[in-house]
file structure-v7.txt (compact mmCIF, C-alpha atoms)
# COMPACT_ATOMS: atom_id res chain seq x y z
CA MET U 1191 40.57 -36.43 -80.96
CA LYS U 1192 42.64 -34.98 -78.12
CA ASN U 1193 46.39 -35.45 -78.26
CA ILE U 1194 48.18 -36.23 -74.98
CA LEU U 1195 51.96 -36.36 -74.57
CA ALA U 1196 53.30 -38.63 -71.80
CA ILE U 1197 56.98 -38.25 -70.88
CA ARG U 1198 59.22 -40.74 -69.08
CA PHE U 1199 62.84 -41.04 -70.22
CA SER U 1200 64.34 -43.49 -67.69
CA SER U 1201 65.09 -45.85 -66.11
CA ILE U 1202 64.00 -49.07 -67.79
CA GLY U 1203 62.13 -50.28 -64.71
CA ASP U 1204 60.29 -46.98 -64.33
CA VAL U 1205 59.41 -46.91 -68.03
CA ALA U 1206 58.13 -50.47 -67.70
CA LEU U 1207 55.90 -49.28 -64.86
CA THR U 1208 54.28 -46.75 -67.20
CA VAL U 1209 53.15 -49.53 -69.52
CA PRO U 1210 50.14 -50.78 -67.49
CA VAL U 1211 49.01 -47.19 -67.02
CA LEU U 1212 49.40 -46.05 -70.61
CA ARG U 1213 47.85 -49.22 -71.99
CA SER U 1214 44.89 -48.88 -69.61
CA LEU U 1215 44.46 -45.22 -70.58
CA ALA U 1216 44.59 -45.95 -74.30
CA GLU U 1217 42.07 -48.77 -74.07
CA ALA U 1218 39.69 -46.85 -71.81
CA HIS U 1219 39.82 -43.71 -73.97
CA PRO U 1220 40.02 -44.57 -77.68
CA GLU U 1221 39.06 -40.94 -78.37
CA TYR U 1222 42.53 -39.86 -77.15
CA SER U 1223 45.79 -40.16 -79.02
CA ILE U 1224 48.56 -40.74 -76.47
CA THR U 1225 52.18 -40.27 -77.50
CA VAL U 1226 54.80 -41.66 -75.12
CA LEU U 1227 58.12 -39.80 -75.30
CA THR U 1228 61.00 -41.94 -74.07
CA GLN U 1229 64.28 -43.48 -75.24
CA ASN U 1230 64.59 -45.46 -78.48
CA ARG U 1231 65.76 -48.62 -76.72
CA PHE U 1232 62.45 -49.05 -74.87
CA ALA U 1233 60.43 -49.55 -78.06
CA PRO U 1234 59.77 -53.30 -77.45
CA LEU U 1235 57.68 -52.40 -74.39
CA PHE U 1236 55.18 -50.70 -76.70
CA GLU U 1237 55.37 -52.99 -79.74
CA PHE U 1238 51.88 -54.46 -79.24
CA ALA U 1239 50.22 -51.30 -77.88
CA PRO U 1240 46.77 -50.13 -79.05
CA GLU U 1241 46.78 -47.98 -82.17
CA ASN U 1242 46.10 -44.81 -80.18
CA LEU U 1243 49.22 -45.32 -78.02
CA ILE U 1244 52.09 -44.06 -80.13
CA PHE U 1245 55.76 -44.62 -79.31
CA HIS U 1246 58.14 -41.70 -79.89
CA GLY U 1247 61.71 -42.69 -79.14
CA VAL U 1248 64.68 -40.35 -78.97
CA ASN U 1249 68.41 -40.50 -78.31
CA LEU U 1250 68.88 -38.17 -75.34
CA LYS U 1251 72.53 -37.60 -76.22
CA GLU U 1252 71.30 -35.55 -79.17
CA TYR U 1253 69.36 -33.15 -76.92
CA LYS U 1254 71.81 -31.88 -74.32
CA GLY U 1255 71.23 -28.76 -72.23
CA ILE U 1256 68.46 -26.21 -72.57
CA PRO U 1257 69.15 -25.62 -76.30
CA GLY U 1258 68.79 -29.35 -76.93
CA ILE U 1259 65.55 -29.58 -74.95
CA ARG U 1260 64.19 -26.58 -76.82
CA ARG U 1261 65.04 -28.28 -80.11
CA LEU U 1262 63.29 -31.45 -78.91
CA PHE U 1263 60.21 -29.37 -78.07
CA LYS U 1264 60.18 -27.85 -81.54
CA GLU U 1265 60.59 -31.23 -83.22
CA ILE U 1266 57.78 -33.00 -81.40
CA THR U 1267 55.35 -30.08 -81.64
CA ALA U 1268 56.07 -29.74 -85.36
CA GLN U 1269 54.77 -33.28 -85.81
CA LYS U 1270 51.62 -32.93 -83.71
CA LYS U 1271 49.67 -30.34 -81.76
CA PHE U 1272 49.29 -31.50 -78.16
CA ASP U 1273 46.40 -30.56 -75.91
CA ALA U 1274 48.05 -31.65 -72.64
CA VAL U 1275 51.30 -33.05 -71.28
CA ALA U 1276 51.75 -35.69 -68.56
CA ASP U 1277 55.22 -35.47 -67.00
CA LEU U 1278 55.69 -38.93 -65.49
CA HIS U 1279 59.37 -38.31 -64.72
CA GLY U 1280 59.65 -35.10 -62.71
CA VAL U 1281 63.33 -34.30 -63.32
CA LEU U 1282 65.12 -31.18 -64.51
CA ARG U 1283 64.99 -32.19 -68.17
CA THR U 1284 61.23 -32.74 -68.10
CA PHE U 1285 60.64 -29.59 -66.03
CA VAL U 1286 62.37 -27.55 -68.73
CA LEU U 1287 60.47 -29.34 -71.48
CA GLY U 1288 57.25 -28.72 -69.57
CA PHE U 1289 58.14 -25.02 -69.28
CA PHE U 1290 58.22 -24.71 -73.07
CA PHE U 1291 54.77 -26.28 -73.28
CA ARG U 1292 53.42 -24.00 -70.54
CA ILE U 1293 54.57 -20.80 -72.22
CA HIS U 1294 52.61 -21.97 -75.25
CA PHE U 1295 49.51 -22.33 -73.02
CA ILE U 1296 49.48 -26.12 -73.01
CA LYS U 1297 48.49 -27.68 -69.69
CA VAL U 1298 51.19 -29.75 -68.00
CA SER U 1299 50.62 -32.18 -65.11
CA THR U 1300 53.66 -33.44 -63.17
CA ILE U 1301 54.17 -36.51 -60.98
CA ASP U 1302 54.15 -36.09 -57.19
CA LYS U 1303 56.99 -38.24 -55.85
CA GLU U 1304 55.85 -38.02 -52.21
CA ARG U 1305 59.33 -36.94 -51.13
CA CYS U 1306 58.31 -36.08 -47.57
CA ARG U 1307 56.66 -39.46 -47.04
CA ARG U 1308 59.69 -41.15 -48.59
CA HIS U 1309 61.96 -39.37 -46.12
CA ARG U 1310 59.87 -40.50 -43.16
CA LEU U 1311 60.03 -44.07 -44.45
CA VAL U 1312 63.83 -44.28 -44.77
CA ARG U 1313 65.08 -42.05 -41.94
CA ILE U 1314 67.08 -43.70 -39.14
CA HIS U 1315 64.97 -42.52 -36.22
CA ASN U 1316 61.19 -42.27 -35.89
CA LYS U 1317 60.51 -44.17 -39.07
CA LYS U 1318 56.96 -44.07 -40.31
CA MET U 1319 56.32 -47.48 -41.84
CA GLN U 1320 53.50 -46.54 -44.13
CA GLN U 1321 52.71 -47.86 -47.60
CA LEU U 1322 53.36 -45.20 -50.23
CA LEU U 1323 51.27 -45.04 -53.37
CA PRO U 1324 52.29 -47.64 -55.95
CA ALA U 1325 54.22 -46.07 -58.81
CA THR U 1326 51.43 -46.95 -61.22
CA GLU U 1327 48.95 -45.04 -59.06
CA LYS U 1328 51.28 -42.02 -59.03
CA TYR U 1329 51.32 -42.13 -62.81
CA ARG U 1330 47.56 -42.45 -62.99
CA LYS U 1331 47.14 -39.41 -60.72
CA VAL U 1332 49.12 -37.34 -63.22
CA PHE U 1333 46.39 -37.99 -65.78
CA GLN U 1334 43.64 -37.49 -63.22
CA LYS U 1335 44.97 -33.96 -62.66
CA LEU U 1336 44.40 -33.44 -66.38
CA GLY U 1337 40.78 -34.51 -65.87
CA ILE U 1338 41.28 -37.98 -67.36
CA GLY U 1339 40.06 -40.90 -65.27
CA PHE U 1340 40.38 -44.60 -66.07
CA PRO U 1341 40.72 -47.97 -64.30
CA LEU U 1342 43.98 -49.88 -64.35
CA LYS U 1343 43.36 -53.02 -66.41
CA PHE U 1344 46.45 -54.73 -67.74
CA GLU U 1345 47.72 -58.31 -67.97
CA SER U 1346 50.51 -58.46 -70.54
CA ILE U 1347 52.06 -56.54 -73.41
CA TYR U 1348 51.35 -59.59 -75.57
CA PRO U 1349 47.86 -60.08 -77.06
CA ASP U 1350 47.80 -63.75 -75.99
CA ARG U 1351 49.92 -63.22 -72.84
CA LYS U 1352 52.81 -64.99 -74.55
CA GLY U 1353 55.46 -63.87 -77.01
CA ASN U 1354 56.45 -65.95 -80.01
CA LEU U 1355 58.55 -68.83 -78.68
CA GLU U 1356 59.67 -69.76 -82.20
CA GLN U 1357 61.63 -66.50 -82.40
CA ILE U 1358 63.92 -67.56 -79.52
CA GLU U 1359 63.59 -71.36 -79.59
CA GLN U 1360 66.95 -71.77 -81.31
CA ILE U 1361 68.51 -70.26 -78.18
CA THR U 1362 66.23 -71.64 -75.45
CA GLY U 1363 65.28 -75.01 -76.91
CA GLN U 1364 61.79 -76.47 -76.71
CA LYS U 1365 59.81 -76.08 -73.52
CA LYS U 1366 59.49 -79.52 -71.93
CA CYS U 1367 59.30 -78.62 -68.22
CA LYS U 1368 58.76 -75.66 -65.89
CA TRP U 1369 60.93 -72.66 -66.79
CA ILE U 1370 62.24 -70.41 -64.01
CA GLY U 1371 64.08 -67.16 -64.56
CA ILE U 1372 66.69 -65.94 -62.08
CA ALA U 1373 67.50 -62.22 -62.04
CA PRO U 1374 70.10 -62.12 -59.25
CA PHE U 1375 71.63 -58.71 -59.90
CA ALA U 1376 70.70 -55.08 -59.33
CA ALA U 1377 72.35 -51.68 -59.57
CA HIS U 1378 73.26 -51.50 -55.87
CA LYS U 1379 74.72 -53.96 -53.35
CA GLY U 1380 71.86 -53.42 -50.90
CA LYS U 1381 69.52 -55.08 -53.41
CA ILE U 1382 71.62 -58.16 -54.24
CA LEU U 1383 71.62 -61.52 -52.46
CA PRO U 1384 75.04 -62.92 -51.56
CA PRO U 1385 76.21 -65.07 -54.51
CA HIS U 1386 76.48 -68.21 -52.37
CA THR U 1387 72.81 -67.90 -51.37
CA MET U 1388 71.71 -67.59 -54.97
CA GLU U 1389 73.97 -70.45 -56.03
CA LYS U 1390 72.42 -72.75 -53.41
CA THR U 1391 69.00 -71.74 -54.74
CA ILE U 1392 69.99 -72.55 -58.31
CA ALA U 1393 71.50 -75.88 -57.24
CA ALA U 1394 68.27 -76.89 -55.51
CA LEU U 1395 66.10 -75.83 -58.45
CA SER U 1396 68.36 -77.71 -60.84
CA ASP U 1397 68.03 -80.85 -58.72
CA LYS U 1398 64.25 -80.50 -58.96
CA GLY U 1399 64.48 -80.67 -62.75
CA TYR U 1400 63.54 -77.09 -63.61
CA ARG U 1401 64.97 -75.30 -66.66
CA ILE U 1402 66.77 -72.23 -65.31
CA PHE U 1403 67.61 -69.01 -67.12
CA VAL U 1404 69.97 -66.62 -65.33
CA PHE U 1405 69.81 -63.00 -66.49
CA ALA U 1406 73.36 -61.59 -66.44
CA PHE U 1407 75.03 -58.80 -68.41
CA GLY U 1408 78.49 -57.29 -68.26
CA LYS U 1409 81.77 -58.83 -67.14
CA GLU U 1410 81.19 -58.51 -63.40
CA GLU U 1411 77.82 -60.27 -63.50
CA LEU U 1412 78.98 -62.90 -65.99
CA ASP U 1413 82.02 -63.74 -63.87
CA ILE U 1414 79.60 -64.77 -61.13
CA ALA U 1415 76.85 -66.34 -63.22
CA VAL U 1416 78.74 -68.32 -65.88
CA PRO U 1417 80.20 -70.81 -63.33
CA TRP U 1418 76.64 -71.50 -62.15
CA SER U 1419 75.61 -72.46 -65.68
CA GLU U 1420 78.63 -74.75 -65.91
CA ARG U 1421 78.02 -76.49 -62.57
CA TYR U 1422 74.28 -77.07 -62.66
CA ALA U 1423 72.21 -78.98 -65.19
CA ASN U 1424 69.59 -77.21 -67.31
CA THR U 1425 71.00 -73.79 -66.36
CA SER U 1426 71.71 -71.17 -69.04
CA ILE U 1427 72.81 -67.55 -69.11
CA VAL U 1428 70.52 -64.98 -70.72
CA GLY U 1429 72.79 -62.39 -72.27
CA LYS U 1430 73.34 -60.48 -75.49
CA GLU U 1431 72.54 -63.52 -77.64
CA MET U 1432 68.86 -63.04 -76.75
CA GLY U 1433 68.83 -60.00 -79.03
CA GLY U 1434 68.19 -57.27 -76.50
CA LEU U 1435 65.03 -56.18 -74.75
CA LYS U 1436 62.65 -57.67 -77.31
CA GLY U 1437 64.08 -61.15 -76.88
CA GLU U 1438 64.28 -60.84 -73.09
CA LEU U 1439 60.61 -59.88 -72.87
CA ASN U 1440 59.70 -62.78 -75.14
CA LEU U 1441 61.59 -65.20 -72.89
CA MET U 1442 60.06 -63.71 -69.76
CA SER U 1443 56.60 -64.31 -71.17
CA GLN U 1444 57.47 -68.01 -71.54
CA LEU U 1445 58.65 -68.38 -67.93
CA ASP U 1446 56.47 -70.00 -65.30
CA LEU U 1447 58.15 -67.86 -62.65
CA LEU U 1448 60.87 -65.25 -62.19
CA ILE U 1449 62.94 -64.93 -59.02
CA GLY U 1450 64.27 -61.39 -58.89
CA MET U 1451 65.49 -58.55 -56.76
CA ASP U 1452 63.95 -55.11 -56.49
CA SER U 1453 65.19 -54.31 -59.97
CA SER U 1454 64.08 -53.66 -63.53
CA ASN U 1455 63.65 -57.38 -64.29
CA MET U 1456 60.77 -57.56 -61.81
CA HIS U 1457 58.97 -54.86 -63.79
CA LEU U 1458 59.80 -56.39 -67.17
CA ALA U 1459 58.34 -59.68 -65.97
CA SER U 1460 55.20 -57.81 -64.90
CA CYS U 1461 54.90 -56.40 -68.42
CA ALA U 1462 55.13 -59.96 -69.75
CA GLY U 1463 52.46 -61.19 -67.32
CA THR U 1464 54.86 -63.49 -65.45
CA PRO U 1465 54.61 -64.04 -61.67
CA VAL U 1466 57.62 -62.89 -59.65
CA ILE U 1467 59.10 -63.91 -56.32
CA SER U 1468 60.65 -60.60 -55.33
CA ILE U 1469 63.49 -60.35 -52.82
CA TRP U 1470 63.97 -57.11 -50.89
CA GLY U 1471 66.90 -55.87 -48.81
CA ALA U 1472 67.82 -52.22 -48.31
CA THR U 1473 64.60 -51.17 -50.03
CA HIS U 1474 61.05 -52.17 -49.17
CA PRO U 1475 57.73 -52.80 -50.97
CA PHE U 1476 56.32 -49.87 -48.95
CA THR U 1477 58.24 -47.55 -51.30
CA GLY U 1478 55.61 -48.30 -53.94
CA PHE U 1479 57.84 -50.17 -56.37
CA LEU U 1480 56.44 -53.68 -56.17
CA GLY U 1481 55.88 -54.93 -59.70
CA TYR U 1482 52.44 -54.19 -61.13
CA GLY U 1483 50.05 -57.08 -60.56
CA GLN U 1484 52.56 -58.96 -58.42
CA SER U 1485 51.33 -60.63 -55.24
CA ALA U 1486 52.44 -59.41 -51.83
CA ASP U 1487 52.40 -63.09 -50.84
CA ASN U 1488 55.42 -63.62 -53.10
CA ILE U 1489 57.63 -61.08 -51.34
CA ILE U 1490 60.67 -62.36 -49.44
CA GLN U 1491 62.28 -60.02 -46.90
CA VAL U 1492 63.68 -59.90 -43.39
CA GLU U 1493 61.96 -57.41 -41.12
CA LEU U 1494 64.62 -55.23 -39.49
CA PRO U 1495 64.27 -51.88 -37.69
CA CYS U 1496 66.79 -50.33 -40.09
CA ARG U 1497 64.74 -51.22 -43.18
CA PRO U 1498 64.22 -49.56 -45.50
CA CYS U 1499 67.34 -47.42 -45.38
CA SER U 1500 66.98 -46.19 -48.95
CA ILE U 1501 64.35 -45.72 -51.62
CA PHE U 1502 66.59 -46.99 -54.42
CA GLY U 1503 69.16 -49.01 -52.46
CA LYS U 1504 72.06 -46.63 -53.07
CA LYS U 1505 73.16 -46.07 -49.47
CA PRO U 1506 75.91 -48.28 -48.01
CA CYS U 1507 74.86 -50.44 -45.08
CA ARG U 1508 75.38 -48.59 -41.80
CA TYR U 1509 76.38 -51.90 -40.21
CA ALA U 1510 78.59 -52.86 -43.19
CA ASP U 1511 77.19 -56.41 -43.24
CA TYR U 1512 74.00 -56.03 -45.33
CA ARG U 1513 72.13 -58.16 -42.84
CA CYS U 1514 68.91 -57.47 -44.74
CA MET U 1515 70.27 -59.70 -47.52
CA THR U 1516 72.52 -62.11 -45.63
CA GLY U 1517 69.55 -62.98 -43.40
CA ILE U 1518 67.63 -64.50 -46.33
CA GLU U 1519 68.21 -68.24 -46.81
CA SER U 1520 67.95 -70.26 -50.00
CA GLU U 1521 65.54 -72.67 -48.26
CA THR U 1522 63.07 -69.81 -47.86
CA ILE U 1523 63.22 -69.10 -51.58
CA ILE U 1524 62.78 -72.76 -52.52
CA ARG U 1525 59.73 -73.10 -50.26
CA LYS U 1526 58.23 -70.04 -51.90
CA VAL U 1527 58.90 -71.47 -55.38
CA ASP U 1528 57.11 -74.68 -54.43
CA SER U 1529 54.21 -72.64 -53.10
CA VAL U 1530 53.86 -70.47 -56.20
CA LEU U 1531 54.13 -73.44 -58.56
CA ASN U 1532 51.80 -75.51 -56.35
CA ILE U 1533 54.40 -78.18 -55.70
CA ASN U 1534 53.73 -80.28 -52.59

call {"tool": "encode", "arguments": {"input": "structure-v7.txt", "output": "structure tokens"}}
result
Amino acid sequence: MKNILAIRFSSIGDVALTVPVLRSLAEAHPEYSITVLTQNRFAPLFEFAPENLIFHGVNLKEYKGIPGIRRLFKEITAQKKFDAVADLHGVLRTFVLGFFFRIHFIKVSTIDKERCRRHRLVRIHNKKMQQLLPATEKYRKVFQKLGIGFPLKFESIYPDRKGNLEQIEQITGQKKCKWIGIAPFAAHKGKILPPHTMEKTIAALSDKGYRIFVFAFGKEELDIAVPWSERYANTSIVGKEMGGLKGELNLMSQLDLLIGMDSSNMHLASCAGTPVISIWGATHPFTGFLGYGQSADNIIQVELPCRPCSIFGKKPCRYADYRCMTGIESETIIRKVDSVLNIN
């Protein structure tokens, strides 16, 4: 059996995007043993993986600088002899780790992030609006460079496409109607709808009788979201009481639909096999970060000549008004919800 090491340390959305690829690889090639090296906290994403897909979690704070990376190399190679390494991250830490493998004559394949094509997509003038490779395809190409081919076949991290509702039922209650998740936040302002737009959406969904779960963490997000749960019937906050990533994934698998930004929750929902209405502002699906298996028909965005202005949404709006987000109306979202749930 050949031993393959796959490396992706962060972020949670990017690690979630490795799941369809690594699961497909493991199932297509049972003769390989694939070890995924990532952070401890991402273990729930691999809880139900095939036996030949092995999770190896670490605390990166314990492996700082080149000496720390060298120690990590020694620790993981002491446990298993690897025949090849797939660097799915392509950052300084993984380059250094890959160097240690290379000097021991172990083949290393590294992700191509298409930086030139990314630049042409987000530049102000002479934009080239061209679809970049989906992130999952970029990951698959890393393995193809190692001579390993396989089709992408993935539906859910759960064997029966659903987690165990009984494990969270004390928090969520019994499922008696359609459940909709709302993930209204993201790391950057250019990827977040104005709160009043999202509140109008929640109000309309509440009036329709849906059970609504709003994903919110941290004081800033909770200050916005908690009043929504107090004003609108059947609306709850999903926070720390869900028990972390494992509980969140379980809940996502029970949802009929998630409404989310271009953020990690879109990718977590994809891992749980849940359809997503994705809302895009400063970024764009052309960047290759649409959730795996998600339908392009469920994308909501306003076409503007300035979009996308950023791959990850970090740049401030050059017009200072974030018109890419303020131009999206709650009515558009509600119509899309009705369409996805086949409500006439």

call {"tool": "closest_residue", "arguments": {"input": "structure-v7.txt", "among": "U:Lys1352, U:His1457, U:Gly1258, U:Lys1317", "to": "Pro1495 (chain U)", "atoms": "all atoms listed in the file"}}
result
U:Lys1317

call {"tool": "closest_residue", "arguments": {"input": "structure-v7.txt", "among": "U:Arg1213, U:Leu1435, U:Lys1368, U:Leu1287", "to": "Ala1233 (chain U)", "atoms": "all atoms listed in the file"}}
result
U:Leu1435

call {"tool": "closest_atom_pairs", "arguments": {"input": "structure-v7.txt", "of": "region 1266-1354 of chain U", "to": "region 1459-1474 of chain U", "cutoff": "10 Å", "atoms": "only C-alpha atoms", "output": "tab-separated table"}}
result
residue	atom	partner	partner_atom	distance
U:Leu1311	CA	U:His1474	CA	9.4
U:Val1312	CA	U:Thr1473	CA	8.7
U:Met1319	CA	U:His1474	CA	9.9
U:Gln1321	CA	U:His1474	CA	9.5
U:Phe1344	CA	U:Cys1461	CA	8.6
U:Glu1345	CA	U:Gly1463	CA	5.6
U:Ser1346	CA	U:Gly1463	CA	4.7
U:Ile1347	CA	U:Cys1461	CA	5.7
U:Tyr1348	CA	U:Ala1462	CA	6.9
U:Arg1351	CA	U:Gly1463	CA	6.4
U:Lys1352	CA	U:Ala1462	CA	7.3
U:Gly1353	CA	U:Ala1462	CA	8.3

call {"tool": "closest_residue", "arguments": {"input": "structure-v7.txt", "among": "U:Leu1207, U:Cys1514, U:Val1530, U:Val1281", "to": "Ala1486 (chain U)", "atoms": "all atoms listed in the file"}}
result
U:Val1530

call {"tool": "atom_distance", "arguments": {"input": "structure-v7.txt", "atom1": "CA of Val1492 (chain U)", "atom2": "CA of Asn1316 (chain U)"}}
result
19.3 Å

call {"tool": "residues_around", "arguments": {"input": "structure-v7.txt", "residues": "Phe1407 (chain U)", "least_positions_apart": "6", "cutoff": "9 Å", "atoms": "all atoms listed in the file", "output": "ChimeraX atom specification"}}
result
/U:1428-1430

call {"tool": "closest_residue", "arguments": {"input": "structure-v7.txt", "among": "U:Met1432, U:Ile1533, U:Met1451, U:Val1298", "to": "Leu1480 (chain U)", "atoms": "only C-alpha atoms"}}
result
U:Met1451

call {"tool": "residues_near_point", "arguments": {"input": "structure-v7.txt", "point": "(63.6, -61.3, -47.3)", "cutoff": "12 Å", "atoms": "only C-alpha atoms", "output": "number ranges by chain"}}
result
U: 1380-1383, 1450-1452, 1467-1475, 1487-1494, 1497-1498, 1512-1523, 1526

call {"tool": "write_last_selection", "arguments": {"input": "structure-v7.txt", "atoms": "C-alpha atoms", "output": "PDB file, in the coordinates of the input"}}
result
ATOM      1  CA  GLY U1380      71.860 -53.420 -50.900  1.00  0.00           C
ATOM      2  CA  LYS U1381      69.520 -55.080 -53.410  1.00  0.00           C
ATOM      3  CA  ILE U1382      71.620 -58.160 -54.240  1.00  0.00           C
ATOM      4  CA  LEU U1383      71.620 -61.520 -52.460  1.00  0.00           C
ATOM      5  CA  GLY U1450      64.270 -61.390 -58.890  1.00  0.00           C
ATOM      6  CA  MET U1451      65.490 -58.550 -56.760  1.00  0.00           C
ATOM      7  CA  ASP U1452      63.950 -55.110 -56.490  1.00  0.00           C
ATOM      8  CA  ILE U1467      59.100 -63.910 -56.320  1.00  0.00           C
ATOM      9  CA  SER U1468      60.650 -60.600 -55.330  1.00  0.00           C
ATOM     10  CA  ILE U1469      63.490 -60.350 -52.820  1.00  0.00           C
ATOM     11  CA  TRP U1470      63.970 -57.110 -50.890  1.00  0.00           C
ATOM     12  CA  GLY U1471      66.900 -55.870 -48.810  1.00  0.00           C
ATOM     13  CA  ALA U1472      67.820 -52.220 -48.310  1.00  0.00           C
ATOM     14  CA  THR U1473      64.600 -51.170 -50.030  1.00  0.00           C
ATOM     15  CA  HIS U1474      61.050 -52.170 -49.170  1.00  0.00           C
ATOM     16  CA  PRO U1475      57.730 -52.800 -50.970  1.00  0.00           C
ATOM     17  CA  ASP U1487      52.400 -63.090 -50.840  1.00  0.00           C
ATOM     18  CA  ASN U1488      55.420 -63.620 -53.100  1.00  0.00           C
ATOM     19  CA  ILE U1489      57.630 -61.080 -51.340  1.00  0.00           C
ATOM     20  CA  ILE U1490      60.670 -62.360 -49.440  1.00  0.00           C
ATOM     21  CA  GLN U1491      62.280 -60.020 -46.900  1.00  0.00           C
ATOM     22  CA  VAL U1492      63.680 -59.900 -43.390  1.00  0.00           C
ATOM     23  CA  GLU U1493      61.960 -57.410 -41.120  1.00  0.00           C
ATOM     24  CA  LEU U1494      64.620 -55.230 -39.490  1.00  0.00           C
ATOM     25  CA  ARG U1497      64.740 -51.220 -43.180  1.00  0.00           C
ATOM     26  CA  PRO U1498      64.220 -49.560 -45.500  1.00  0.00           C
ATOM     27  CA  TYR U1512      74.000 -56.030 -45.330  1.00  0.00           C
ATOM     28  CA  ARG U1513      72.130 -58.160 -42.840  1.00  0.00           C
ATOM     29  CA  CYS U1514      68.910 -57.470 -44.740  1.00  0.00           C
ATOM     30  CA  MET U1515      70.270 -59.700 -47.520  1.00  0.00           C
ATOM     31  CA  THR U1516      72.520 -62.110 -45.630  1.00  0.00           C
ATOM     32  CA  GLY U1517      69.550 -62.980 -43.400  1.00  0.00           C
ATOM     33  CA  ILE U1518      67.630 -64.500 -46.330  1.00  0.00           C
ATOM     34  CA  GLU U1519      68.210 -68.240 -46.810  1.00  0.00           C
ATOM     35  CA  SER U1520      67.950 -70.260 -50.000  1.00  0.00           C
ATOM     36  CA  GLU U1521      65.540 -72.670 -48.260  1.00  0.00           C
ATOM     37  CA  THR U1522      63.070 -69.810 -47.860  1.00  0.00           C
ATOM     38  CA  ILE U1523      63.220 -69.100 -51.580  1.00  0.00           C
ATOM     39  CA  LYS U1526      58.230 -70.040 -51.900  1.00  0.00           C
TER      40      LYS U1526
END

call {"tool": "residues_near_point", "arguments": {"input": "structure-v7.txt", "point": "(51.8, -39.2, -74.8)", "cutoff": "10 Å", "atoms": "only C-alpha atoms", "output": "list in words"}}
result
Asn1193, Ile1194, Leu1195, Ala1196, Ile1197, Arg1198, Leu1212, Ala1216, Tyr1222, Ser1223, Ile1224, Thr1225, Val1226, Leu1227, Thr1228, Asn1242, Leu1243, Ile1244, Phe1245, His1246, Phe1272, Ala1274, Val1275, Ala1276 and Asp1277 of chain U
